[in-house]
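**Q** Encoded as C-alpha cells, here's the structure I'll be asking about.
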Number of protein chains: 2
Amino acid sequence: MPRPPEKKRSNLRDVAAHAGVSVATVSRVLNASGRVSPETRARVQAAIAELRFRPLAAARAINSGRSRMIGALLPSLDNSTYARVIDGLEARLAEHDLSLMVARTGEDRQVELARARQLLEAGAEGLFLAGRTRAPALLELIAHYRLPAIMLAYWDPDGPIPSVSYDNVAAVAAAADHLRGLGHREIAVIHGPRATNDRTAQRLETLAALGDGLRYAPFETELSFAGGAAAARRIAQARGPATAALCFSDMLAMGAMAGFQSAGLVIPRDMSVLGIEDLPAAAATHPPLTSVRLQVQRMGEEAGEAMARWVETGERPAPLCLDCELIVRASTAPPRG
Amino acid sequence: MPRPPEKKRSNLRDVAAHAGVSVATVSRVLNASGRVSPETRARVQAAIAELRFRPLAAARAINSGRSRMIGALLPSLDNSTYARVIDGLEARLAEHDLSLMVARTGEDRQVELARARQLLEAGAEGLFLAGRTRAPALLELIAHYRLPAIMLAYWDPDGPIPSVSYDNVAAVAAAADHLRGLGHREIAVIHGPRATNDRTAQRLETLAALGDGLRYAPFETELSFAGGAAAARRIAQARGPATAALCFSDMLAMGAMAGFQSAGLVIPRDMSVLGIEDLPAAAATHPPLTSVRLQVQRMGEEAGEAMARWVETGERPAPLCLDCELIVRASTAPPRG
DNA sequence: GTGAAAGCGCTAACAT
DNA sequence: ATGTTAGCGCTTTCAC
C-alpha cells in the first residue's frame, strides 16, 4: 500500500521564506538575541510552529563552537550509586542549559580512553571521570586541550584534575572505628575487584595502614548483591574468627546479609555487617543496615555546578571534599562472648 | 603563574596543509572512500597523528545528514532493569557503529516529549520508547517524520510503533498460575505507581481479568526496595488473609522479603513471595526468590539490532515477543494449614 | 589518484 | 529592526 512520503525536516531558510523574512531574523528569534519587532517575531514563530521547525544542534554547534554537552565516563550503570550521581549531574547541568552524555567504561582504562575520544568527537566541552587512574593518553589529551575535567569518587586535592568527591579514606576509617568501638577484632572485608578499581584499592590500603590492632581479612568478589552473598557464604563456611563483615558498598552488604543468613547466621548476633554509601534501601533491610553515608547525589550536584561554571566562565573549580557520616542501625552489635 | 596557551583543535585544512594534500584527500583517507595511493595515505595518517586530529561529529553529521546516534527514552536509571536494557541496546548498536544517547523521563509523558525533541535536535535517527503511553504530540512527530521508533517493555503487536518486548500479560499469568497451583487463594499484589506506568496497569488488569477464583489485593508503593519493604509491613500489620505476595519486580520482592521478615514472618512458611524479572540477585536472596524470568538484556539486544537494520536499510522491523519462564526457588511454598 | 569548489544548516559580523 | 554575507568543519560531486 502506498504511504504518504516522509516529510523532510525543514530548515532555517524554509522558515524564513515562509515568514517572509531573512534567515538572520529567524535566528534572532530562535536565540532571543538582537531586537526583533513583536509582529515579526509572531510571524516567525507561527512559521516555526507550522513547519515544525527545530534547529539542528549539530549546525548550531559547528557555528558557535559550543555543543553545550558534557560527557561522563562512568564504570557502570548497573549500580544505583552511579544512577544517583547522574541524577545530580544532570539536574545541575540542566539549570545551565547543558546536557549530559554518559559512556560506560567498565573500569577499563583503554575503554575509557576510547569513549572519551568519542565524546570529544561528539563535541563534549568537558568530562567527568570516576576514580584517579587514567590511560596516560587521556591525561595528555586533557592537558593538551586544557579540557575541563572533574574527578568523581576519589578525593585527591593535589592531582592534575580537580576532585569533587566524598573521602574514601575517611569513610573506611569511620567504619573501622565503629567496629573497633563495638569490640570487634577480626574483620572480614568484602570488596569488589581490587586490580581495576582504585577506590577499592585505596580503601584496602587505608585499612592496612590504620594500625588500630584489628585484623582485616579481605574477600574479593563481584561488585553486586550476588557477589556479596557469595563472599558471605565463603566466610561462613571457612568458620574463621571474623565477627564482623565490613562491606565496601551497600549492595555488597545486602548480599552479604543474605549470604550469612542462608548459612544460618543471625545478624548481628553471629555476625555484624556494615556497608558504605547508605543507599535508601539500607534503612529497609532486615535487619536495618549500619552504613557510612556518602553524599553521592550531592557529589553529582556539586560536580555538575562546578563544571557548568568552568565551561561558562573558564574558572577552574577548587577541589571539594564532602564529608561522610556513620549511620548506626541494627546490623552491627558487639561480638558474642 | 603563566601557563602555555590552550591548543586549538586542528581541522581538516590543518591536516591537509601539513600533509601537503587537499582536504578532499584527507576526507577520503578518513572515510576509506575513494582511491588513495598508499604513500599519500601514509603521509595523511602521519599528519593526523601528529596534529591529534579527530573529525568533529557535528560537522560530519551536518554534511552526511546522519548522526549515527539513536536516542532512548527510559523511565529511570535507578533500576538495574534499565541498566540491563541499555547494555543490550548499546552492544548491538555499537556493532553497527551507532551510538546511544539515553534520556530519563520519570514516566512523565511531557518530560518524554521534551526529551525526545532534545534528542531529535541532537540528531537522533531513531528512538527507543518504554511502554505504550505517549504524549499525542510525540506520536504525531514520529508519524510525521516516519521516525524509526521501537517500543520496549510493552507487547502490543498492533500499535503504531513496533514492539520488541517481553509479554507482561504472560509473565503475570505465569506468576498467578504458580501461586494458584501451590494452593494460595488470597494474594497481596505489591506494585509501583499505577497511574503513570502502563506496564503496571496492564499487569493489574491482567490479574483482574484472570477469572481464576483467586483474590488479588493490590498494594501500591514506591518502585524500589524500600517501597517493597514498606508495602510488606503494611500487609503484615493488616493481618489480612494473604498467604502470598506477588511483586511486580524483583526489587520490590527483595524489599518485601525484608519487610515481612522484619515483621517476624518466615518466608515461605508464613508468606510466599514471588518476583518478576529474575535479576541476577534473585538466586542469592535469603531465601532464594522465585521469579518469572524476563529476557531483559535480550530485549535490549533485539531492539538494538532491529533499530540498526531500520536506520541502515529502511526496513521497519516486525514486532517481536520474547517469552518468559517461571523460575521456582525457595521463596514460594504451599500456604500453611 | 588528486584537487577545486559547492554546499550542509546555522550564527554572527556588518550593512542598511 | 532587518537583510546580506561570510564562514564553521566537513563531505561530495565533478574536473583533471
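As shown in the C-alpha cells, the chain order sets the letters A, B, ...; within each chain, residues go from 1, and ligands are also counted from 1 in the order they appear.
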After least-squares alignment of chain B to chain A over all Cα atoms in order, what RMSD do you get?
**A**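 Between these identical-sequence chains, the C-alpha RMSD is 0.1 Å.
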**Q** As a PDB file with N, CA, C and O atoms, in the first residue's frame, please: the residues near segment 228-245 of chain A (cut-off 10 Å, only C-alpha atoms (C1' of nucleotides), same-chain neighbours under 5 positions excluded).
**A**
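And here is the file that came out, out_37.pdb:
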ATOM      1  N   LEU A 179      33.456  -0.478  64.276  1.00  0.00           N
ATOM      2  CA  LEU A 179      33.601  -1.898  64.623  1.00  0.00           C
ATOM      3  C   LEU A 179      34.564  -2.080  65.798  1.00  0.00           C
ATOM      4  O   LEU A 179      34.322  -2.887  66.698  1.00  0.00           O
ATOM      5  N   GLY A 183      34.007  -3.569  69.844  1.00  0.00           N
ATOM      6  CA  GLY A 183      34.778  -4.654  70.406  1.00  0.00           C
ATOM      7  C   GLY A 183      35.214  -5.721  69.409  1.00  0.00           C
ATOM      8  O   GLY A 183      35.799  -6.736  69.786  1.00  0.00           O
ATOM      9  N   HIS A 184      34.939  -5.501  68.145  1.00  0.00           N
ATOM     10  CA  HIS A 184      35.365  -6.482  67.134  1.00  0.00           C
ATOM     11  C   HIS A 184      36.877  -6.387  66.929  1.00  0.00           C
ATOM     12  O   HIS A 184      37.457  -5.305  67.009  1.00  0.00           O
ATOM     13  N   ARG A 185      37.495  -7.539  66.662  1.00  0.00           N
ATOM     14  CA  ARG A 185      38.944  -7.564  66.441  1.00  0.00           C
ATOM     15  C   ARG A 185      39.306  -8.234  65.121  1.00  0.00           C
ATOM     16  O   ARG A 185      40.337  -7.969  64.536  1.00  0.00           O
ATOM     17  N   GLU A 186      38.430  -9.156  64.700  1.00  0.00           N
ATOM     18  CA  GLU A 186      38.678  -9.896  63.455  1.00  0.00           C
ATOM     19  C   GLU A 186      37.600  -9.504  62.453  1.00  0.00           C
ATOM     20  O   GLU A 186      36.420  -9.808  62.640  1.00  0.00           O
ATOM     21  N   ILE A 187      38.033  -8.824  61.394  1.00  0.00           N
ATOM     22  CA  ILE A 187      37.065  -8.265  60.449  1.00  0.00           C
ATOM     23  C   ILE A 187      37.241  -8.893  59.071  1.00  0.00           C
ATOM     24  O   ILE A 187      38.351  -8.916  58.532  1.00  0.00           O
ATOM     25  N   ALA A 188      36.160  -9.391  58.516  1.00  0.00           N
ATOM     26  CA  ALA A 188      36.182  -9.812  57.113  1.00  0.00           C
ATOM     27  C   ALA A 188      35.835  -8.593  56.267  1.00  0.00           C
ATOM     28  O   ALA A 188      34.894  -7.859  56.586  1.00  0.00           O
ATOM     29  N   VAL A 189      36.612  -8.371  55.242  1.00  0.00           N
ATOM     30  CA  VAL A 189      36.360  -7.212  54.379  1.00  0.00           C
ATOM     31  C   VAL A 189      35.863  -7.712  53.028  1.00  0.00           C
ATOM     32  O   VAL A 189      36.576  -8.441  52.326  1.00  0.00           O
ATOM     33  N   ILE A 190      34.645  -7.351  52.696  1.00  0.00           N
ATOM     34  CA  ILE A 190      34.070  -7.805  51.418  1.00  0.00           C
ATOM     35  C   ILE A 190      34.148  -6.656  50.427  1.00  0.00           C
ATOM     36  O   ILE A 190      33.614  -5.574  50.671  1.00  0.00           O
ATOM     37  N   HIS A 191      34.830  -6.908  49.332  1.00  0.00           N
ATOM     38  CA  HIS A 191      35.058  -5.820  48.377  1.00  0.00           C
ATOM     39  C   HIS A 191      35.043  -6.316  46.944  1.00  0.00           C
ATOM     40  O   HIS A 191      35.210  -7.504  46.680  1.00  0.00           O
ATOM     41  N   GLY A 192      34.855  -5.396  46.006  1.00  0.00           N
ATOM     42  CA  GLY A 192      34.861  -5.726  44.576  1.00  0.00           C
ATOM     43  C   GLY A 192      36.279  -5.839  44.064  1.00  0.00           C
ATOM     44  O   GLY A 192      37.242  -5.769  44.834  1.00  0.00           O
ATOM     45  N   ARG A 215      42.442  -7.060  62.838  1.00  0.00           N
ATOM     46  CA  ARG A 215      42.901  -7.857  61.688  1.00  0.00           C
ATOM     47  C   ARG A 215      41.846  -7.838  60.599  1.00  0.00           C
ATOM     48  O   ARG A 215      40.689  -8.163  60.858  1.00  0.00           O
ATOM     49  N   TYR A 216      42.261  -7.468  59.431  1.00  0.00           N
ATOM     50  CA  TYR A 216      41.330  -7.359  58.306  1.00  0.00           C
ATOM     51  C   TYR A 216      41.613  -8.456  57.287  1.00  0.00           C
ATOM     52  O   TYR A 216      42.709  -8.523  56.733  1.00  0.00           O
ATOM     53  N   ALA A 217      40.670  -9.313  57.052  1.00  0.00           N
ATOM     54  CA  ALA A 217      40.841 -10.376  56.058  1.00  0.00           C
ATOM     55  C   ALA A 217      40.003 -10.033  54.826  1.00  0.00           C
ATOM     56  O   ALA A 217      38.775 -10.008  54.904  1.00  0.00           O
ATOM     57  N   PRO A 218      40.661  -9.772  53.701  1.00  0.00           N
ATOM     58  CA  PRO A 218      39.924  -9.344  52.512  1.00  0.00           C
ATOM     59  C   PRO A 218      39.276 -10.506  51.764  1.00  0.00           C
ATOM     60  O   PRO A 218      39.879 -11.582  51.640  1.00  0.00           O
ATOM     61  N   PHE A 219      38.069 -10.289  51.298  1.00  0.00           N
ATOM     62  CA  PHE A 219      37.371 -11.249  50.443  1.00  0.00           C
ATOM     63  C   PHE A 219      36.923 -10.522  49.193  1.00  0.00           C
ATOM     64  O   PHE A 219      35.982  -9.743  49.230  1.00  0.00           O
ATOM     65  N   GLU A 220      37.618 -10.798  48.126  1.00  0.00           N
ATOM     66  CA  GLU A 220      37.269 -10.122  46.878  1.00  0.00           C
ATOM     67  C   GLU A 220      36.152 -10.867  46.168  1.00  0.00           C
ATOM     68  O   GLU A 220      36.123 -12.092  46.148  1.00  0.00           O
ATOM     69  N   THR A 221      35.238 -10.138  45.575  1.00  0.00           N
ATOM     70  CA  THR A 221      34.108 -10.769  44.894  1.00  0.00           C
ATOM     71  C   THR A 221      33.579  -9.839  43.818  1.00  0.00           C
ATOM     72  O   THR A 221      34.070  -8.729  43.648  1.00  0.00           O
ATOM     73  N   GLU A 222      32.601 -10.314  43.082  1.00  0.00           N
ATOM     74  CA  GLU A 222      31.949  -9.471  42.083  1.00  0.00           C
ATOM     75  C   GLU A 222      31.212  -8.345  42.792  1.00  0.00           C
ATOM     76  O   GLU A 222      30.613  -8.552  43.841  1.00  0.00           O
ATOM     77  N   LEU A 223      31.233  -7.160  42.220  1.00  0.00           N
ATOM     78  CA  LEU A 223      30.630  -5.990  42.866  1.00  0.00           C
ATOM     79  C   LEU A 223      29.120  -5.971  42.638  1.00  0.00           C
ATOM     80  O   LEU A 223      28.606  -5.236  41.801  1.00  0.00           O
ATOM     81  N   ASP A 250      26.908  -0.810  49.886  1.00  0.00           N
ATOM     82  CA  ASP A 250      25.672  -1.311  50.488  1.00  0.00           C
ATOM     83  C   ASP A 250      25.121  -2.505  49.730  1.00  0.00           C
ATOM     84  O   ASP A 250      24.531  -3.407  50.316  1.00  0.00           O
ATOM     85  N   MET A 251      25.298  -2.508  48.407  1.00  0.00           N
ATOM     86  CA  MET A 251      24.830  -3.653  47.618  1.00  0.00           C
ATOM     87  C   MET A 251      25.546  -4.926  48.070  1.00  0.00           C
ATOM     88  O   MET A 251      24.930  -5.971  48.253  1.00  0.00           O
ATOM     89  N   LEU A 252      26.857  -4.823  48.231  1.00  0.00           N
ATOM     90  CA  LEU A 252      27.622  -5.953  48.756  1.00  0.00           C
ATOM     91  C   LEU A 252      27.105  -6.343  50.137  1.00  0.00           C
ATOM     92  O   LEU A 252      26.957  -7.534  50.445  1.00  0.00           O
ATOM     93  N   ALA A 253      26.843  -5.350  50.950  1.00  0.00           N
ATOM     94  CA  ALA A 253      26.400  -5.626  52.322  1.00  0.00           C
ATOM     95  C   ALA A 253      25.042  -6.319  52.332  1.00  0.00           C
ATOM     96  O   ALA A 253      24.815  -7.258  53.104  1.00  0.00           O
ATOM     97  N   MET A 254      24.158  -5.871  51.466  1.00  0.00           N
ATOM     98  CA  MET A 254      22.841  -6.504  51.407  1.00  0.00           C
ATOM     99  C   MET A 254      22.984  -7.959  50.974  1.00  0.00           C
ATOM    100  O   MET A 254      22.339  -8.863  51.527  1.00  0.00           O
ATOM    101  N   GLY A 255      23.817  -8.181  49.962  1.00  0.00           N
ATOM    102  CA  GLY A 255      24.066  -9.553  49.533  1.00  0.00           C
ATOM    103  C   GLY A 255      24.715 -10.366  50.635  1.00  0.00           C
ATOM    104  O   GLY A 255      24.356 -11.528  50.866  1.00  0.00           O
ATOM    105  N   ALA A 256      25.650  -9.745  51.345  1.00  0.00           N
ATOM    106  CA  ALA A 256      26.349 -10.450  52.416  1.00  0.00           C
ATOM    107  C   ALA A 256      25.365 -10.872  53.512  1.00  0.00           C
ATOM    108  O   ALA A 256      25.437 -12.000  54.025  1.00  0.00           O
ATOM    109  N   MET A 257      24.451  -9.980  53.847  1.00  0.00           N
ATOM    110  CA  MET A 257      23.463 -10.342  54.867  1.00  0.00           C
ATOM    111  C   MET A 257      22.695 -11.579  54.428  1.00  0.00           C
ATOM    112  O   MET A 257      22.501 -12.523  55.210  1.00  0.00           O
ATOM    113  N   ALA A 258      22.255 -11.576  53.171  1.00  0.00           N
ATOM    114  CA  ALA A 258      21.516 -12.733  52.658  1.00  0.00           C
ATOM    115  C   ALA A 258      22.390 -13.988  52.716  1.00  0.00           C
ATOM    116  O   ALA A 258      21.925 -15.067  53.092  1.00  0.00           O
ATOM    117  N   GLY A 259      23.651 -13.831  52.345  1.00  0.00           N
ATOM    118  CA  GLY A 259      24.560 -14.981  52.353  1.00  0.00           C
ATOM    119  C   GLY A 259      24.771 -15.532  53.750  1.00  0.00           C
ATOM    120  O   GLY A 259      24.712 -16.755  53.964  1.00  0.00           O
ATOM    121  N   PHE A 260      24.990 -14.667  54.706  1.00  0.00           N
ATOM    122  CA  PHE A 260      25.173 -15.116  56.090  1.00  0.00           C
ATOM    123  C   PHE A 260      23.901 -15.785  56.598  1.00  0.00           C
ATOM    124  O   PHE A 260      23.949 -16.822  57.256  1.00  0.00           O
ATOM    125  N   GLN A 261      22.771 -15.156  56.301  1.00  0.00           N
ATOM    126  CA  GLN A 261      21.509 -15.718  56.767  1.00  0.00           C
ATOM    127  C   GLN A 261      21.261 -17.092  56.152  1.00  0.00           C
ATOM    128  O   GLN A 261      20.792 -18.015  56.825  1.00  0.00           O
ATOM    129  N   SER A 262      21.612 -17.241  54.890  1.00  0.00           N
ATOM    130  CA  SER A 262      21.466 -18.559  54.243  1.00  0.00           C
ATOM    131  C   SER A 262      22.326 -19.599  54.943  1.00  0.00           C
ATOM    132  O   SER A 262      21.981 -20.781  55.001  1.00  0.00           O
ATOM    133  N   ALA A 263      23.457 -19.149  55.468  1.00  0.00           N
ATOM    134  CA  ALA A 263      24.357 -20.077  56.159  1.00  0.00           C
ATOM    135  C   ALA A 263      23.931 -20.303  57.609  1.00  0.00           C
ATOM    136  O   ALA A 263      24.632 -20.972  58.368  1.00  0.00           O
ATOM    137  N   GLY A 264      22.809 -19.729  57.977  1.00  0.00           N
ATOM    138  CA  GLY A 264      22.271 -19.968  59.305  1.00  0.00           C
ATOM    139  C   GLY A 264      22.732 -18.984  60.366  1.00  0.00           C
ATOM    140  O   GLY A 264      22.403 -19.129  61.545  1.00  0.00           O
ATOM    141  N   LEU A 265      23.473 -17.979  59.966  1.00  0.00           N
ATOM    142  CA  LEU A 265      23.919 -16.986  60.945  1.00  0.00           C
ATOM    143  C   LEU A 265      22.831 -15.938  61.178  1.00  0.00           C
ATOM    144  O   LEU A 265      22.083 -15.597  60.264  1.00  0.00           O
ATOM    145  N   ILE A 267      22.103 -12.041  62.164  1.00  0.00           N
ATOM    146  CA  ILE A 267      22.763 -10.730  62.172  1.00  0.00           C
ATOM    147  C   ILE A 267      22.012  -9.809  63.124  1.00  0.00           C
ATOM    148  O   ILE A 267      20.790  -9.756  63.056  1.00  0.00           O
ATOM    149  N   PRO A 268      22.641  -9.133  64.050  1.00  0.00           N
ATOM    150  CA  PRO A 268      24.087  -9.041  64.236  1.00  0.00           C
ATOM    151  C   PRO A 268      24.634 -10.027  65.286  1.00  0.00           C
ATOM    152  O   PRO A 268      25.810  -9.950  65.609  1.00  0.00           O
ATOM    153  N   ARG A 269      23.786 -10.934  65.787  1.00  0.00           N
ATOM    154  CA  ARG A 269      24.239 -11.782  66.891  1.00  0.00           C
ATOM    155  C   ARG A 269      25.507 -12.571  66.524  1.00  0.00           C
ATOM    156  O   ARG A 269      26.515 -12.527  67.237  1.00  0.00           O
ATOM    157  N   ASP A 270      25.438 -13.251  65.360  1.00  0.00           N
ATOM    158  CA  ASP A 270      26.587 -14.074  64.965  1.00  0.00           C
ATOM    159  C   ASP A 270      27.577 -13.324  64.086  1.00  0.00           C
ATOM    160  O   ASP A 270      28.726 -13.734  63.945  1.00  0.00           O
ATOM    161  N   MET A 271      27.121 -12.264  63.481  1.00  0.00           N
ATOM    162  CA  MET A 271      27.978 -11.531  62.553  1.00  0.00           C
ATOM    163  C   MET A 271      27.433 -10.115  62.389  1.00  0.00           C
ATOM    164  O   MET A 271      26.253  -9.932  62.079  1.00  0.00           O
ATOM    165  N   SER A 272      28.280  -9.148  62.628  1.00  0.00           N
ATOM    166  CA  SER A 272      27.895  -7.773  62.331  1.00  0.00           C
ATOM    167  C   SER A 272      28.173  -7.499  60.858  1.00  0.00           C
ATOM    168  O   SER A 272      29.158  -7.997  60.304  1.00  0.00           O
ATOM    169  N   VAL A 273      27.301  -6.726  60.229  1.00  0.00           N
ATOM    170  CA  VAL A 273      27.505  -6.371  58.821  1.00  0.00           C
ATOM    171  C   VAL A 273      27.386  -4.863  58.680  1.00  0.00           C
ATOM    172  O   VAL A 273      26.460  -4.248  59.215  1.00  0.00           O
ATOM    173  N   LEU A 274      28.343  -4.303  57.959  1.00  0.00           N
ATOM    174  CA  LEU A 274      28.400  -2.851  57.823  1.00  0.00           C
ATOM    175  C   LEU A 274      28.622  -2.497  56.358  1.00  0.00           C
ATOM    176  O   LEU A 274      29.448  -3.114  55.690  1.00  0.00           O
ATOM    177  N   GLY A 275      27.880  -1.529  55.878  1.00  0.00           N
ATOM    178  CA  GLY A 275      28.023  -1.120  54.475  1.00  0.00           C
ATOM    179  C   GLY A 275      28.642   0.254  54.336  1.00  0.00           C
ATOM    180  O   GLY A 275      28.944   0.926  55.334  1.00  0.00           O
ATOM    181  N   SER A 331      22.356  -3.668  62.193  1.00  0.00           N
ATOM    182  CA  SER A 331      23.129  -4.800  61.654  1.00  0.00           C
ATOM    183  C   SER A 331      24.492  -4.948  62.309  1.00  0.00           C
ATOM    184  O   SER A 331      25.238  -5.872  61.986  1.00  0.00           O
ATOM    185  N   THR A 332      24.812  -4.034  63.208  1.00  0.00           N
ATOM    186  CA  THR A 332      26.080  -4.154  63.938  1.00  0.00           C
ATOM    187  C   THR A 332      25.815  -4.152  65.431  1.00  0.00           C
ATOM    188  O   THR A 332      24.920  -3.448  65.915  1.00  0.00           O
ATOM    189  N   ALA A 333      26.610  -4.931  66.151  1.00  0.00           N
ATOM    190  CA  ALA A 333      26.479  -5.037  67.609  1.00  0.00           C
ATOM    191  C   ALA A 333      27.800  -5.583  68.135  1.00  0.00           C
ATOM    192  O   ALA A 333      28.637  -6.036  67.352  1.00  0.00           O
ATOM    193  N   PRO A 334      28.008  -5.542  69.436  1.00  0.00           N
ATOM    194  CA  PRO A 334      29.234  -6.126  69.970  1.00  0.00           C
ATOM    195  C   PRO A 334      29.297  -7.614  69.627  1.00  0.00           C
ATOM    196  O   PRO A 334      28.259  -8.262  69.481  1.00  0.00           O
ATOM    197  N   PRO A 335      30.485  -8.158  69.501  1.00  0.00           N
ATOM    198  CA  PRO A 335      30.619  -9.588  69.205  1.00  0.00           C
ATOM    199  C   PRO A 335      30.120 -10.410  70.382  1.00  0.00           C
ATOM    200  O   PRO A 335      30.120  -9.941  71.522  1.00  0.00           O
ATOM    201  N   ARG A 336      29.705 -11.628  70.094  1.00  0.00           N
ATOM    202  CA  ARG A 336      29.256 -12.520  71.169  1.00  0.00           C
ATOM    203  C   ARG A 336      30.402 -12.885  72.088  1.00  0.00           C
ATOM    204  O   ARG A 336      31.556 -12.942  71.663  1.00  0.00           O
TER     205      ARG A 336
ATOM    206  N   ALA B 281      20.445 -11.109  41.176  1.00  0.00           N
ATOM    207  CA  ALA B 281      20.399 -11.175  42.636  1.00  0.00           C
ATOM    208  C   ALA B 281      19.363 -12.176  43.146  1.00  0.00           C
ATOM    209  O   ALA B 281      19.468 -12.662  44.278  1.00  0.00           O
ATOM    210  N   ALA B 283      18.700 -15.217  42.738  1.00  0.00           N
ATOM    211  CA  ALA B 283      19.156 -16.532  43.165  1.00  0.00           C
ATOM    212  C   ALA B 283      19.940 -16.464  44.471  1.00  0.00           C
ATOM    213  O   ALA B 283      20.206 -17.483  45.100  1.00  0.00           O
ATOM    214  N   ALA B 284      20.318 -15.254  44.877  1.00  0.00           N
ATOM    215  CA  ALA B 284      21.196 -15.098  46.036  1.00  0.00           C
ATOM    216  C   ALA B 284      20.484 -14.561  47.272  1.00  0.00           C
ATOM    217  O   ALA B 284      21.102 -14.374  48.307  1.00  0.00           O
ATOM    218  N   THR B 285      19.207 -14.295  47.172  1.00  0.00           N
ATOM    219  CA  THR B 285      18.494 -13.754  48.324  1.00  0.00           C
ATOM    220  C   THR B 285      18.261 -14.859  49.351  1.00  0.00           C
ATOM    221  O   THR B 285      18.497 -16.035  49.086  1.00  0.00           O
ATOM    222  N   HIS B 286      17.793 -14.452  50.513  1.00  0.00           N
ATOM    223  CA  HIS B 286      17.510 -15.430  51.572  1.00  0.00           C
ATOM    224  C   HIS B 286      16.052 -15.349  51.954  1.00  0.00           C
ATOM    225  O   HIS B 286      15.642 -14.373  52.567  1.00  0.00           O
TER     226      HIS B 286
END
**Q** Go through chain A residue by residue and, counting only C-alpha atoms (C1' of nucleotides), keep those with an atom at most 10 Å from chain D; for each kept residue give the shortest atom pair and its distance in Å to one decimal, ordered by chain and increasing number, as a tab-separated table.
**A**
residue	atom	partner	partner_atom	distance
A:Val21	CA	D:DT2	C1'	8.1
A:Ser22	CA	D:DG3	C1'	6.2
A:Val23	CA	D:DG3	C1'	8.6
A:Ala24	CA	D:DG3	C1'	7.4
A:Thr25	CA	D:DT2	C1'	6.9
A:Gly34	CA	D:DA1	C1'	9.1
A:Arg35	CA	D:DA1	C1'	6.6
A:Val36	CA	D:DA1	C1'	6.1
A:Ser37	CA	D:DA1	C1'	6.6
A:Thr40	CA	D:DA1	C1'	9.4
A:Ala59	CA	D:DC8	C1'	8.6
A:Arg60	CA	D:DC8	C1'	9.2
A:Ala61	CA	D:DC8	C1'	8.6
A:Ile62	CA	D:DC8	C1'	5.1
A:Asn63	CA	D:DC8	C1'	4.6
A:Ser64	CA	D:DC8	C1'	7.8
A:Gly65	CA	D:DC8	C1'	7.6
**Q** Would you kindly return, as a PyMOL selection string, each protein, DNA or RNA residue with an atom no farther than 7 Å from any atom of segment 97-101 of chain A, considering only C-alpha atoms (C1' of nucleotides) and excluding same-chain residues fewer than 4 positions away?
**A** (chain A and resi 68-72+90+93) or (chain B and resi 101)
**Q** Hey, can you spit out that residue selection with N, CA, C and O atoms as a CSV table (one decimal), in the first residue's frame?
**A**
chain,number,residue,atom,x,y,z
A,68,ARG,N,27.4,22.6,24.1
A,68,ARG,CA,26.6,22.6,25.4
A,68,ARG,C,26.4,21.2,25.9
A,68,ARG,O,25.4,20.9,26.5
A,69,MET,N,27.3,20.3,25.6
A,69,MET,CA,27.2,19.0,26.1
A,69,MET,C,28.4,18.6,26.9
A,69,MET,O,29.6,18.9,26.5
A,70,ILE,N,28.2,17.9,28.0
A,70,ILE,CA,29.3,17.4,28.8
A,70,ILE,C,29.3,15.9,28.8
A,70,ILE,O,28.2,15.3,28.9
A,71,GLY,N,30.4,15.3,28.8
A,71,GLY,CA,30.5,13.8,28.8
A,71,GLY,C,30.8,13.3,30.2
A,71,GLY,O,31.5,13.9,31.0
A,72,ALA,N,30.3,12.1,30.5
A,72,ALA,CA,30.6,11.5,31.8
A,72,ALA,C,31.1,10.1,31.5
A,72,ALA,O,30.4,9.3,30.8
A,90,GLU,N,23.0,15.7,36.0
A,90,GLU,CA,22.0,16.2,35.1
A,90,GLU,C,21.2,17.4,35.6
A,90,GLU,O,21.0,18.4,34.9
A,93,LEU,N,23.5,20.5,35.6
A,93,LEU,CA,23.8,20.9,34.2
A,93,LEU,C,22.6,21.5,33.5
A,93,LEU,O,22.7,22.5,32.8
B,101,MET,N,22.1,7.5,23.0
B,101,MET,CA,22.0,8.6,24.0
B,101,MET,C,20.8,8.4,24.8
B,101,MET,O,19.7,8.2,24.2
**Q** Please find the residues of chain C near chain B - the criterion being any atom within 10 Å, counting only C-alpha atoms (C1' of nucleotides) - and write them as a tab-separated table (two decimals) with C-alpha atoms (C1' of nucleotides), in the first residue's frame.
**A**
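File written: iface.tsv
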chain	number	residue	atom	x	y	z
C	1	DG	C1'	44.77	9.40	-7.77
C	2	DT	C1'	44.02	14.06	-6.59
C	3	DG	C1'	42.17	18.77	-6.26
C	4	DA	C1'	38.78	22.66	-6.66
C	7	DG	C1'	27.24	23.14	-0.29
C	8	DC	C1'	25.08	21.03	4.67
C	9	DG	C1'	22.09	24.34	8.48
C	10	DC	C1'	23.13	27.54	11.11
